[in-house]
file final25.cif (mmCIF, N, CA and C atoms and all ligand atoms)
data_run
loop_
_atom_site.label_atom_id
_atom_site.label_comp_id
_atom_site.auth_asym_id
_atom_site.auth_seq_id
_atom_site.Cartn_x
_atom_site.Cartn_y
_atom_site.Cartn_z
N MET A 200 0.84 -1.20 0.00
CA MET A 200 0.00 0.00 0.00
C MET A 200 0.87 1.25 0.00
N ASP A 201 0.43 2.25 -0.74
CA ASP A 201 1.13 3.53 -0.72
C ASP A 201 0.83 4.27 0.57
N PHE A 202 1.45 5.39 0.70
CA PHE A 202 1.30 6.19 1.91
C PHE A 202 -0.08 6.86 1.97
N LYS A 203 -0.64 6.89 3.16
CA LYS A 203 -1.92 7.57 3.36
C LYS A 203 -1.87 8.30 4.70
N LEU A 204 -2.44 9.47 4.73
CA LEU A 204 -2.44 10.28 5.95
C LEU A 204 -3.83 10.85 6.16
N THR A 205 -4.41 10.59 7.32
CA THR A 205 -5.69 11.19 7.66
C THR A 205 -5.58 11.75 9.09
N THR A 206 -6.45 12.67 9.39
CA THR A 206 -6.36 13.31 10.70
C THR A 206 -7.71 13.29 11.39
N ARG A 207 -7.67 13.28 12.69
CA ARG A 207 -8.89 13.36 13.50
C ARG A 207 -8.52 13.90 14.87
N ARG A 208 -9.53 14.15 15.68
CA ARG A 208 -9.30 14.71 17.01
C ARG A 208 -9.89 13.83 18.08
N ALA A 209 -9.23 13.76 19.23
CA ALA A 209 -9.81 13.13 20.40
C ALA A 209 -9.62 14.12 21.54
N ASP A 210 -10.67 14.83 21.88
CA ASP A 210 -10.59 15.92 22.86
C ASP A 210 -9.52 16.92 22.41
N SER A 211 -8.53 17.13 23.27
CA SER A 211 -7.52 18.14 22.93
C SER A 211 -6.35 17.56 22.14
N VAL A 212 -6.40 16.27 21.87
CA VAL A 212 -5.29 15.64 21.15
C VAL A 212 -5.61 15.55 19.67
N PHE A 213 -4.64 15.92 18.87
CA PHE A 213 -4.80 15.85 17.43
C PHE A 213 -4.10 14.58 16.95
N ILE A 214 -4.88 13.70 16.32
CA ILE A 214 -4.33 12.40 15.92
C ILE A 214 -4.09 12.37 14.42
N VAL A 215 -2.89 11.97 14.05
CA VAL A 215 -2.55 11.78 12.64
C VAL A 215 -2.43 10.28 12.40
N ASP A 216 -3.36 9.75 11.62
CA ASP A 216 -3.30 8.32 11.27
C ASP A 216 -2.44 8.16 10.03
N LEU A 217 -1.36 7.43 10.20
CA LEU A 217 -0.46 7.18 9.07
C LEU A 217 -0.64 5.74 8.63
N ALA A 218 -0.54 5.52 7.33
CA ALA A 218 -0.70 4.16 6.81
C ALA A 218 0.22 3.96 5.62
N GLY A 219 0.68 2.72 5.45
CA GLY A 219 1.54 2.39 4.33
C GLY A 219 3.00 2.63 4.64
N LYS A 220 3.73 3.12 3.65
CA LYS A 220 5.17 3.28 3.80
C LYS A 220 5.55 4.74 4.00
N ILE A 221 6.33 4.98 5.05
CA ILE A 221 6.86 6.32 5.26
C ILE A 221 8.28 6.32 4.72
N THR A 222 8.38 6.63 3.44
CA THR A 222 9.68 6.60 2.75
C THR A 222 9.77 7.84 1.87
N ALA A 223 10.96 8.06 1.31
CA ALA A 223 11.16 9.21 0.43
C ALA A 223 10.09 9.21 -0.66
N GLY A 224 9.55 10.37 -0.94
CA GLY A 224 8.47 10.47 -1.91
C GLY A 224 7.36 11.32 -1.33
N ASP A 225 6.12 10.96 -1.64
CA ASP A 225 4.99 11.78 -1.23
C ASP A 225 4.80 11.84 0.28
N ALA A 226 5.21 10.78 0.97
CA ALA A 226 4.91 10.69 2.41
C ALA A 226 5.54 11.83 3.20
N LEU A 227 6.78 12.13 2.89
CA LEU A 227 7.53 13.05 3.75
C LEU A 227 6.99 14.48 3.71
N PRO A 228 6.82 15.06 2.50
CA PRO A 228 6.25 16.43 2.49
C PRO A 228 4.84 16.48 3.05
N ALA A 229 4.05 15.42 2.86
CA ALA A 229 2.68 15.40 3.39
C ALA A 229 2.70 15.42 4.91
N LEU A 230 3.56 14.62 5.48
CA LEU A 230 3.67 14.58 6.94
C LEU A 230 4.19 15.91 7.47
N ARG A 231 5.21 16.44 6.82
CA ARG A 231 5.80 17.70 7.27
C ARG A 231 4.78 18.83 7.25
N GLN A 232 4.03 18.91 6.15
CA GLN A 232 3.04 19.98 6.02
C GLN A 232 1.94 19.85 7.07
N THR A 233 1.52 18.62 7.31
CA THR A 233 0.47 18.39 8.31
C THR A 233 0.93 18.86 9.69
N ILE A 234 2.14 18.50 10.05
CA ILE A 234 2.67 18.90 11.36
C ILE A 234 2.77 20.42 11.44
N ARG A 235 3.28 21.03 10.38
CA ARG A 235 3.42 22.49 10.37
C ARG A 235 2.06 23.17 10.50
N ASP A 236 1.08 22.64 9.77
CA ASP A 236 -0.27 23.23 9.82
C ASP A 236 -0.84 23.16 11.23
N GLU A 237 -0.68 22.00 11.86
CA GLU A 237 -1.25 21.83 13.19
C GLU A 237 -0.56 22.71 14.21
N VAL A 238 0.75 22.81 14.11
CA VAL A 238 1.50 23.67 15.03
C VAL A 238 1.08 25.12 14.81
N ALA A 239 0.91 25.50 13.55
CA ALA A 239 0.48 26.87 13.25
C ALA A 239 -0.90 27.16 13.83
N LYS A 240 -1.73 26.13 13.91
CA LYS A 240 -3.07 26.30 14.49
C LYS A 240 -3.04 26.25 16.02
N GLY A 241 -1.88 25.97 16.57
CA GLY A 241 -1.77 25.95 18.03
C GLY A 241 -2.09 24.60 18.64
N HIS A 242 -2.20 23.58 17.83
CA HIS A 242 -2.45 22.23 18.36
C HIS A 242 -1.15 21.68 18.93
N ASN A 243 -1.05 21.64 20.26
CA ASN A 243 0.23 21.27 20.86
C ASN A 243 0.27 19.86 21.44
N LYS A 244 -0.78 19.08 21.20
CA LYS A 244 -0.75 17.66 21.59
C LYS A 244 -1.01 16.85 20.34
N ILE A 245 0.03 16.22 19.84
CA ILE A 245 -0.09 15.51 18.57
C ILE A 245 0.33 14.05 18.75
N LEU A 246 -0.53 13.17 18.27
CA LEU A 246 -0.25 11.74 18.33
C LEU A 246 -0.13 11.20 16.90
N LEU A 247 0.98 10.58 16.62
CA LEU A 247 1.14 9.92 15.33
C LEU A 247 0.81 8.45 15.52
N ASN A 248 -0.32 8.04 14.93
CA ASN A 248 -0.76 6.65 15.04
C ASN A 248 -0.13 5.84 13.90
N LEU A 249 0.74 4.92 14.29
CA LEU A 249 1.51 4.16 13.28
C LEU A 249 0.91 2.78 13.01
N LYS A 250 -0.30 2.56 13.48
CA LYS A 250 -0.91 1.23 13.44
C LYS A 250 -0.83 0.58 12.06
N ASP A 251 -1.12 1.34 11.02
CA ASP A 251 -1.17 0.76 9.68
C ASP A 251 0.07 1.09 8.84
N VAL A 252 1.11 1.50 9.54
CA VAL A 252 2.37 1.77 8.83
C VAL A 252 3.12 0.46 8.64
N SER A 253 3.41 0.13 7.40
CA SER A 253 4.07 -1.14 7.12
C SER A 253 5.58 -1.02 7.11
N TYR A 254 6.08 0.16 6.81
CA TYR A 254 7.53 0.29 6.66
C TYR A 254 7.97 1.75 6.80
N VAL A 255 9.05 1.95 7.54
CA VAL A 255 9.67 3.28 7.64
C VAL A 255 11.14 3.12 7.27
N ASP A 256 11.62 3.94 6.33
CA ASP A 256 13.05 3.89 6.02
C ASP A 256 13.77 5.03 6.73
N SER A 257 15.05 5.20 6.45
CA SER A 257 15.82 6.18 7.21
C SER A 257 15.34 7.60 6.94
N SER A 258 14.89 7.87 5.72
CA SER A 258 14.39 9.23 5.47
C SER A 258 13.05 9.45 6.16
N GLY A 259 12.26 8.39 6.26
CA GLY A 259 11.00 8.49 7.01
C GLY A 259 11.27 8.72 8.49
N LEU A 260 12.28 8.04 8.99
CA LEU A 260 12.66 8.22 10.38
C LEU A 260 13.13 9.66 10.62
N GLY A 261 13.89 10.18 9.65
CA GLY A 261 14.33 11.57 9.76
C GLY A 261 13.16 12.53 9.82
N GLU A 262 12.12 12.21 9.07
CA GLU A 262 10.93 13.07 9.07
C GLU A 262 10.21 13.02 10.42
N LEU A 263 10.17 11.84 11.03
CA LEU A 263 9.56 11.71 12.35
C LEU A 263 10.34 12.53 13.38
N ILE A 264 11.66 12.51 13.24
CA ILE A 264 12.50 13.28 14.16
C ILE A 264 12.24 14.78 13.96
N MET A 265 12.08 15.17 12.69
CA MET A 265 11.81 16.57 12.41
C MET A 265 10.46 16.98 12.99
N ALA A 266 9.48 16.09 12.89
CA ALA A 266 8.15 16.37 13.45
C ALA A 266 8.26 16.55 14.96
N LEU A 267 9.04 15.69 15.59
CA LEU A 267 9.23 15.79 17.04
C LEU A 267 9.87 17.14 17.39
N GLY A 268 10.89 17.51 16.61
CA GLY A 268 11.58 18.78 16.86
C GLY A 268 10.66 19.97 16.67
N THR A 269 9.78 19.89 15.68
CA THR A 269 8.86 20.99 15.41
C THR A 269 7.87 21.16 16.55
N VAL A 270 7.33 20.05 17.02
CA VAL A 270 6.29 20.13 18.06
C VAL A 270 6.89 20.45 19.43
N THR A 271 8.08 19.93 19.70
CA THR A 271 8.66 20.11 21.03
C THR A 271 9.72 21.21 21.04
N GLN A 272 9.68 22.10 20.05
CA GLN A 272 10.66 23.18 20.01
C GLN A 272 10.63 23.96 21.32
N THR A 273 11.79 24.47 21.68
CA THR A 273 11.93 25.14 22.97
C THR A 273 11.36 26.54 22.91
N THR A 274 10.53 26.85 23.87
CA THR A 274 9.91 28.17 23.91
C THR A 274 10.12 28.80 25.29
N CYS A 275 9.88 30.08 25.35
CA CYS A 275 9.97 30.81 26.61
C CYS A 275 8.81 30.38 27.51
N ALA A 276 9.13 30.03 28.75
CA ALA A 276 8.07 29.58 29.67
C ALA A 276 7.15 30.72 30.08
N LYS A 277 7.63 31.93 29.94
CA LYS A 277 6.83 33.08 30.35
C LYS A 277 5.89 33.56 29.25
N CYS A 278 6.44 33.81 28.06
CA CYS A 278 5.63 34.44 27.02
C CYS A 278 5.38 33.54 25.82
N GLY A 279 6.06 32.40 25.75
CA GLY A 279 5.79 31.46 24.66
C GLY A 279 6.56 31.72 23.38
N ALA A 280 7.41 32.74 23.38
CA ALA A 280 8.19 33.01 22.17
C ALA A 280 9.21 31.89 21.95
N THR A 281 9.56 31.66 20.70
CA THR A 281 10.59 30.67 20.41
C THR A 281 11.95 31.21 20.84
N VAL A 282 12.73 30.38 21.52
CA VAL A 282 14.07 30.80 21.92
C VAL A 282 15.11 29.98 21.17
N PHE A 283 16.29 30.53 21.05
CA PHE A 283 17.32 29.92 20.22
C PHE A 283 18.63 29.78 20.98
N LYS A 284 19.48 28.91 20.44
CA LYS A 284 20.82 28.75 21.01
C LYS A 284 21.79 29.68 20.29
N ASP A 285 22.83 30.10 21.03
CA ASP A 285 23.87 30.90 20.38
C ASP A 285 24.86 29.97 19.69
N ASP A 286 25.91 30.55 19.13
CA ASP A 286 26.87 29.77 18.35
C ASP A 286 27.56 28.69 19.18
N GLU A 287 27.65 28.90 20.48
CA GLU A 287 28.31 27.91 21.33
C GLU A 287 27.34 26.86 21.86
N GLY A 288 26.09 26.97 21.47
CA GLY A 288 25.12 25.97 21.90
C GLY A 288 24.45 26.29 23.21
N ASN A 289 24.67 27.50 23.72
CA ASN A 289 23.98 27.91 24.96
C ASN A 289 22.69 28.64 24.61
N TRP A 290 21.71 28.50 25.47
CA TRP A 290 20.43 29.13 25.19
C TRP A 290 20.50 30.64 25.39
N ASP A 291 20.04 31.35 24.40
CA ASP A 291 19.89 32.80 24.54
C ASP A 291 18.67 33.08 25.41
N PRO A 292 18.66 34.23 26.10
CA PRO A 292 17.42 34.61 26.79
C PRO A 292 16.32 34.89 25.77
N CYS A 293 15.08 34.88 26.25
CA CYS A 293 13.94 35.10 25.36
C CYS A 293 14.11 36.42 24.60
N PRO A 294 13.92 36.41 23.26
CA PRO A 294 14.07 37.64 22.49
C PRO A 294 12.98 38.68 22.81
N GLN A 295 11.89 38.23 23.42
CA GLN A 295 10.80 39.17 23.69
C GLN A 295 10.80 39.68 25.12
N CYS A 296 11.03 38.79 26.08
CA CYS A 296 10.88 39.24 27.47
C CYS A 296 12.13 38.99 28.32
N GLU A 297 13.21 38.50 27.67
CA GLU A 297 14.49 38.31 28.38
C GLU A 297 14.46 37.20 29.43
N SER A 298 13.34 36.50 29.54
CA SER A 298 13.28 35.41 30.52
C SER A 298 14.23 34.29 30.12
N ARG A 299 14.77 33.61 31.13
CA ARG A 299 15.62 32.46 30.85
C ARG A 299 14.91 31.14 31.17
N ASP A 300 13.63 31.23 31.50
CA ASP A 300 12.86 30.01 31.75
C ASP A 300 12.36 29.46 30.42
N ARG A 301 12.55 28.15 30.24
CA ARG A 301 12.19 27.55 28.96
C ARG A 301 11.29 26.34 29.17
N LYS A 302 10.52 26.03 28.16
CA LYS A 302 9.74 24.80 28.18
C LYS A 302 9.50 24.35 26.74
N PRO A 303 9.29 23.04 26.55
CA PRO A 303 8.95 22.59 25.20
C PRO A 303 7.56 23.10 24.84
N TRP A 304 7.39 23.45 23.57
CA TRP A 304 6.12 24.03 23.15
C TRP A 304 4.97 23.03 23.28
N GLY A 305 5.17 21.83 22.79
CA GLY A 305 4.08 20.86 22.80
C GLY A 305 4.59 19.45 23.02
N GLN A 306 3.69 18.49 22.84
CA GLN A 306 4.05 17.09 23.01
C GLN A 306 3.72 16.33 21.73
N LEU A 307 4.62 15.44 21.35
CA LEU A 307 4.36 14.56 20.23
C LEU A 307 4.63 13.13 20.68
N LYS A 308 3.67 12.24 20.44
CA LYS A 308 3.82 10.85 20.84
C LYS A 308 3.55 9.94 19.66
N LEU A 309 4.04 8.72 19.79
CA LEU A 309 3.79 7.71 18.77
C LEU A 309 2.98 6.59 19.39
N SER A 310 2.10 5.99 18.62
CA SER A 310 1.39 4.81 19.13
C SER A 310 1.34 3.72 18.08
N ASN A 311 1.17 2.51 18.58
CA ASN A 311 0.98 1.32 17.76
C ASN A 311 2.07 1.05 16.71
N PRO A 312 3.34 1.22 17.07
CA PRO A 312 4.34 0.90 16.05
C PRO A 312 4.35 -0.59 15.75
N GLY A 313 4.47 -0.95 14.50
CA GLY A 313 4.58 -2.36 14.11
C GLY A 313 5.98 -2.87 14.39
N ARG A 314 6.22 -4.12 14.03
CA ARG A 314 7.49 -4.76 14.30
C ARG A 314 8.67 -4.03 13.67
N GLN A 315 8.53 -3.71 12.40
CA GLN A 315 9.66 -3.09 11.69
C GLN A 315 9.98 -1.72 12.27
N VAL A 316 8.94 -0.96 12.59
CA VAL A 316 9.16 0.39 13.12
C VAL A 316 9.77 0.29 14.52
N THR A 317 9.26 -0.63 15.33
CA THR A 317 9.82 -0.84 16.67
C THR A 317 11.29 -1.21 16.59
N ASP A 318 11.61 -2.15 15.71
CA ASP A 318 13.01 -2.57 15.54
C ASP A 318 13.88 -1.40 15.10
N LEU A 319 13.37 -0.61 14.17
CA LEU A 319 14.12 0.53 13.66
C LEU A 319 14.40 1.54 14.77
N LEU A 320 13.38 1.82 15.56
CA LEU A 320 13.54 2.78 16.66
C LEU A 320 14.53 2.27 17.70
N GLN A 321 14.49 0.98 17.96
CA GLN A 321 15.40 0.43 18.96
C GLN A 321 16.82 0.34 18.42
N PHE A 322 16.93 -0.05 17.19
CA PHE A 322 18.25 -0.19 16.57
C PHE A 322 18.96 1.17 16.51
N THR A 323 18.20 2.22 16.23
CA THR A 323 18.79 3.56 16.12
C THR A 323 18.82 4.27 17.48
N LYS A 324 18.41 3.56 18.52
CA LYS A 324 18.38 4.12 19.88
C LYS A 324 17.46 5.33 20.00
N LEU A 325 16.45 5.36 19.16
CA LEU A 325 15.52 6.49 19.19
C LEU A 325 14.24 6.15 19.94
N TYR A 326 14.12 4.89 20.35
CA TYR A 326 12.87 4.48 21.00
C TYR A 326 12.60 5.34 22.22
N SER A 327 13.66 5.67 22.97
CA SER A 327 13.46 6.47 24.19
C SER A 327 13.41 7.97 23.90
N VAL A 328 13.82 8.36 22.70
CA VAL A 328 13.72 9.77 22.32
C VAL A 328 12.26 10.12 22.06
N PHE A 329 11.58 9.21 21.41
CA PHE A 329 10.14 9.38 21.19
C PHE A 329 9.38 8.82 22.38
N ASP A 330 8.20 9.36 22.63
CA ASP A 330 7.33 8.80 23.65
C ASP A 330 6.41 7.80 22.94
N VAL A 331 6.79 6.53 23.02
CA VAL A 331 6.09 5.50 22.24
C VAL A 331 5.11 4.73 23.13
N HIS A 332 3.90 4.55 22.65
CA HIS A 332 2.88 3.81 23.39
C HIS A 332 2.35 2.67 22.53
N GLU A 333 2.02 1.58 23.23
CA GLU A 333 1.57 0.40 22.49
C GLU A 333 0.19 0.56 21.90
N SER A 334 -0.63 1.37 22.56
CA SER A 334 -1.98 1.55 22.04
C SER A 334 -2.35 3.02 22.06
N GLU A 335 -3.34 3.33 21.27
CA GLU A 335 -3.83 4.70 21.21
C GLU A 335 -4.40 5.13 22.56
N GLU A 336 -5.09 4.21 23.25
CA GLU A 336 -5.68 4.52 24.55
C GLU A 336 -4.60 4.95 25.54
N GLN A 337 -3.51 4.18 25.57
CA GLN A 337 -2.40 4.51 26.48
C GLN A 337 -1.81 5.86 26.14
N ALA A 338 -1.64 6.09 24.85
CA ALA A 338 -1.05 7.37 24.43
C ALA A 338 -1.95 8.54 24.84
N LEU A 339 -3.25 8.39 24.61
CA LEU A 339 -4.18 9.47 24.94
C LEU A 339 -4.19 9.72 26.45
N ALA A 340 -4.13 8.63 27.22
CA ALA A 340 -4.11 8.76 28.67
C ALA A 340 -2.85 9.49 29.13
N SER A 341 -1.74 9.25 28.46
CA SER A 341 -0.48 9.86 28.88
C SER A 341 -0.46 11.36 28.58
N PHE A 342 -1.21 11.78 27.59
CA PHE A 342 -1.33 13.23 27.35
C PHE A 342 -2.04 13.89 28.52
N LYS A 343 -3.05 13.20 29.01
CA LYS A 343 -3.87 13.79 30.07
C LYS A 343 -3.14 13.88 31.40
N SER A 344 -2.17 12.97 31.60
CA SER A 344 -1.52 12.91 32.89
C SER A 344 -0.54 14.05 33.10
N ARG A 345 -0.36 14.90 32.09
CA ARG A 345 0.55 16.02 32.28
C ARG A 345 -0.17 17.34 32.31
ZN ZN B 401 9.59 35.40 26.81
#

call {"tool": "encode", "arguments": {"input": "final25.cif", "output": "structure tokens", "more": "lines below"}}
Ligand SMILES: [Zn+2]
result
Amino acid sequence: MDFKLTTRRADSVFIVDLAGKITAGDALPALRQTIRDEVAKGHNKILLNLKDVSYVDSSGLGELIMALGTVTQTTCAKCGATVFKDDEGNWDPCPQCESRDRKPWGQLKLSNPGRQVTDLLQFTKLYSVFDVHESEEQALASFKSR
């Protein structure tokens, strides 16, 4: 099956149902645009449901990492502005309010990874980088607990 992407909501969580192969081609820009659109709309709880994903290659994995970075980008804890690192990798104070308190903007979780995706995440040591849940119910519950 080719790549397919559909979206739905469960309360405050925005669910992206992915299906087929997440590989170089149509899948990557579609996923990237969806994440960007949701972040632009202020949807800060995003669940990527991988239940029907049959295969992820390295470029697909890179796209998942980019999605995670987009949703969990570091923001000012006071005013919500995006904050950046300087050339030495230290965090600059907030460009708007000078605060040095930071927090991730949103949460992105994965649910229902199949065997190949699970193996890929573990092999690349990314399983713990992502918040992976075995079922959608568990993932949704974990959003609420924070
Ligand atoms: Zn600020």

call {"tool": "closest_atom_pairs", "arguments": {"input": "final25.cif", "of": "chain A", "to": "ligand ZN 401 (chain B)", "cutoff": "8 Å", "atoms": "all atoms listed in the file", "output": "CSV"}}
result
residue,atom,partner,partner_atom,distance
A:Thr274,C,B:ZN401,ZN,6.8
A:Cys275,CA,B:ZN401,ZN,4.6
A:Ala276,N,B:ZN401,ZN,5.7
A:Lys277,C,B:ZN401,ZN,4.8
A:Cys278,N,B:ZN401,ZN,3.7
A:Gly279,N,B:ZN401,ZN,4.8
A:Ala280,N,B:ZN401,ZN,4.9
A:Thr281,N,B:ZN401,ZN,7.2
A:Val282,N,B:ZN401,ZN,7.9
A:Pro292,C,B:ZN401,ZN,6.8
A:Cys293,CA,B:ZN401,ZN,4.6
A:Pro294,N,B:ZN401,ZN,5.7
A:Gln295,C,B:ZN401,ZN,4.8
A:Cys296,N,B:ZN401,ZN,3.8
A:Glu297,N,B:ZN401,ZN,4.8
A:Ser298,N,B:ZN401,ZN,4.8
A:Arg299,N,B:ZN401,ZN,7.0
A:Asp300,N,B:ZN401,ZN,7.5

call {"tool": "atom_distance", "arguments": {"input": "final25.cif", "atom1": "atom C of His332 of chain A", "atom2": "atom CA of Arg301 of chain A"}}
result
27.5 Å

call {"tool": "atom_distance", "arguments": {"input": "final25.cif", "atom1": "atom N of Thr273 of chain A", "atom2": "atom CA of Pro303 of chain A"}}
result
4.9 Å

call {"tool": "closest_residue", "arguments": {"input": "final25.cif", "among": "A:Ala239, A:Thr222, A:Thr271, A:Pro228", "to": "Tyr254 of chain A", "atoms": "only N, CA and C atoms"}}
result
A:Thr222

call {"tool": "select_by_dssp", "arguments": {"input": "final25.cif", "residues": "segment 220-328 of chain A", "states": "alpha helix (DSSP H)", "output": "PyMOL selection string"}}
result
chain A and resi 226-239+257-270+314-322

call {"tool": "decode", "arguments": {"input": "final25.cif", "residues": "segment 213-304 of chain A", "atoms": "C-alpha atoms", "output": "compact mmCIF listing (two decimals), in the first residue's frame"}}
result
# COMPACT_ATOMS: atom_id res chain seq x y z
CA PHE A 213 -4.80 15.85 17.43
CA ILE A 214 -4.33 12.40 15.92
CA VAL A 215 -2.55 11.78 12.64
CA ASP A 216 -3.30 8.32 11.27
CA LEU A 217 -0.46 7.18 9.07
CA ALA A 218 -0.70 4.16 6.81
CA GLY A 219 1.54 2.39 4.33
CA LYS A 220 5.17 3.28 3.80
CA ILE A 221 6.86 6.32 5.26
CA THR A 222 9.68 6.60 2.75
CA ALA A 223 11.16 9.21 0.43
CA GLY A 224 8.47 10.47 -1.91
CA ASP A 225 4.99 11.78 -1.23
CA ALA A 226 4.91 10.69 2.41
CA LEU A 227 7.53 13.05 3.75
CA PRO A 228 6.25 16.43 2.49
CA ALA A 229 2.68 15.40 3.39
CA LEU A 230 3.67 14.58 6.94
CA ARG A 231 5.80 17.70 7.27
CA GLN A 232 3.04 19.98 6.02
CA THR A 233 0.47 18.39 8.31
CA ILE A 234 2.67 18.90 11.36
CA ARG A 235 3.42 22.49 10.37
CA ASP A 236 -0.27 23.23 9.82
CA GLU A 237 -1.25 21.83 13.19
CA VAL A 238 1.50 23.67 15.03
CA ALA A 239 0.48 26.87 13.25
CA LYS A 240 -3.07 26.30 14.49
CA GLY A 241 -1.77 25.95 18.03
CA HIS A 242 -2.45 22.23 18.36
CA ASN A 243 0.23 21.27 20.86
CA LYS A 244 -0.75 17.66 21.59
CA ILE A 245 -0.09 15.51 18.57
CA LEU A 246 -0.25 11.74 18.33
CA LEU A 247 1.14 9.92 15.33
CA ASN A 248 -0.76 6.65 15.04
CA LEU A 249 1.51 4.16 13.28
CA LYS A 250 -0.91 1.23 13.44
CA ASP A 251 -1.17 0.76 9.68
CA VAL A 252 2.37 1.77 8.83
CA SER A 253 4.07 -1.14 7.12
CA TYR A 254 7.53 0.29 6.66
CA VAL A 255 9.67 3.28 7.64
CA ASP A 256 13.05 3.89 6.02
CA SER A 257 15.82 6.18 7.21
CA SER A 258 14.39 9.23 5.47
CA GLY A 259 11.00 8.49 7.01
CA LEU A 260 12.66 8.22 10.38
CA GLY A 261 14.33 11.57 9.76
CA GLU A 262 10.93 13.07 9.07
CA LEU A 263 9.56 11.71 12.35
CA ILE A 264 12.50 13.28 14.16
CA MET A 265 11.81 16.57 12.41
CA ALA A 266 8.15 16.37 13.45
CA LEU A 267 9.23 15.79 17.04
CA GLY A 268 11.58 18.78 16.86
CA THR A 269 8.86 20.99 15.41
CA VAL A 270 6.29 20.13 18.06
CA THR A 271 8.66 20.11 21.03
CA GLN A 272 10.66 23.18 20.01
CA THR A 273 11.93 25.14 22.97
CA THR A 274 9.91 28.17 23.91
CA CYS A 275 9.97 30.81 26.61
CA ALA A 276 8.07 29.58 29.67
CA LYS A 277 6.83 33.08 30.35
CA CYS A 278 5.63 34.44 27.02
CA GLY A 279 5.79 31.46 24.66
CA ALA A 280 8.19 33.01 22.17
CA THR A 281 10.59 30.67 20.41
CA VAL A 282 14.07 30.80 21.92
CA PHE A 283 17.32 29.92 20.22
CA LYS A 284 20.82 28.75 21.01
CA ASP A 285 23.87 30.90 20.38
CA ASP A 286 26.87 29.77 18.35
CA GLU A 287 28.31 27.91 21.33
CA GLY A 288 25.12 25.97 21.90
CA ASN A 289 23.98 27.91 24.96
CA TRP A 290 20.43 29.13 25.19
CA ASP A 291 19.89 32.80 24.54
CA PRO A 292 17.42 34.61 26.79
CA CYS A 293 13.94 35.10 25.36
CA PRO A 294 14.07 37.64 22.49
CA GLN A 295 10.80 39.17 23.69
CA CYS A 296 10.88 39.24 27.47
CA GLU A 297 14.49 38.31 28.38
CA SER A 298 13.28 35.41 30.52
CA ARG A 299 15.62 32.46 30.85
CA ASP A 300 12.86 30.01 31.75
CA ARG A 301 12.19 27.55 28.96
CA LYS A 302 9.74 24.80 28.18
CA PRO A 303 8.95 22.59 25.20
CA TRP A 304 6.12 24.03 23.15
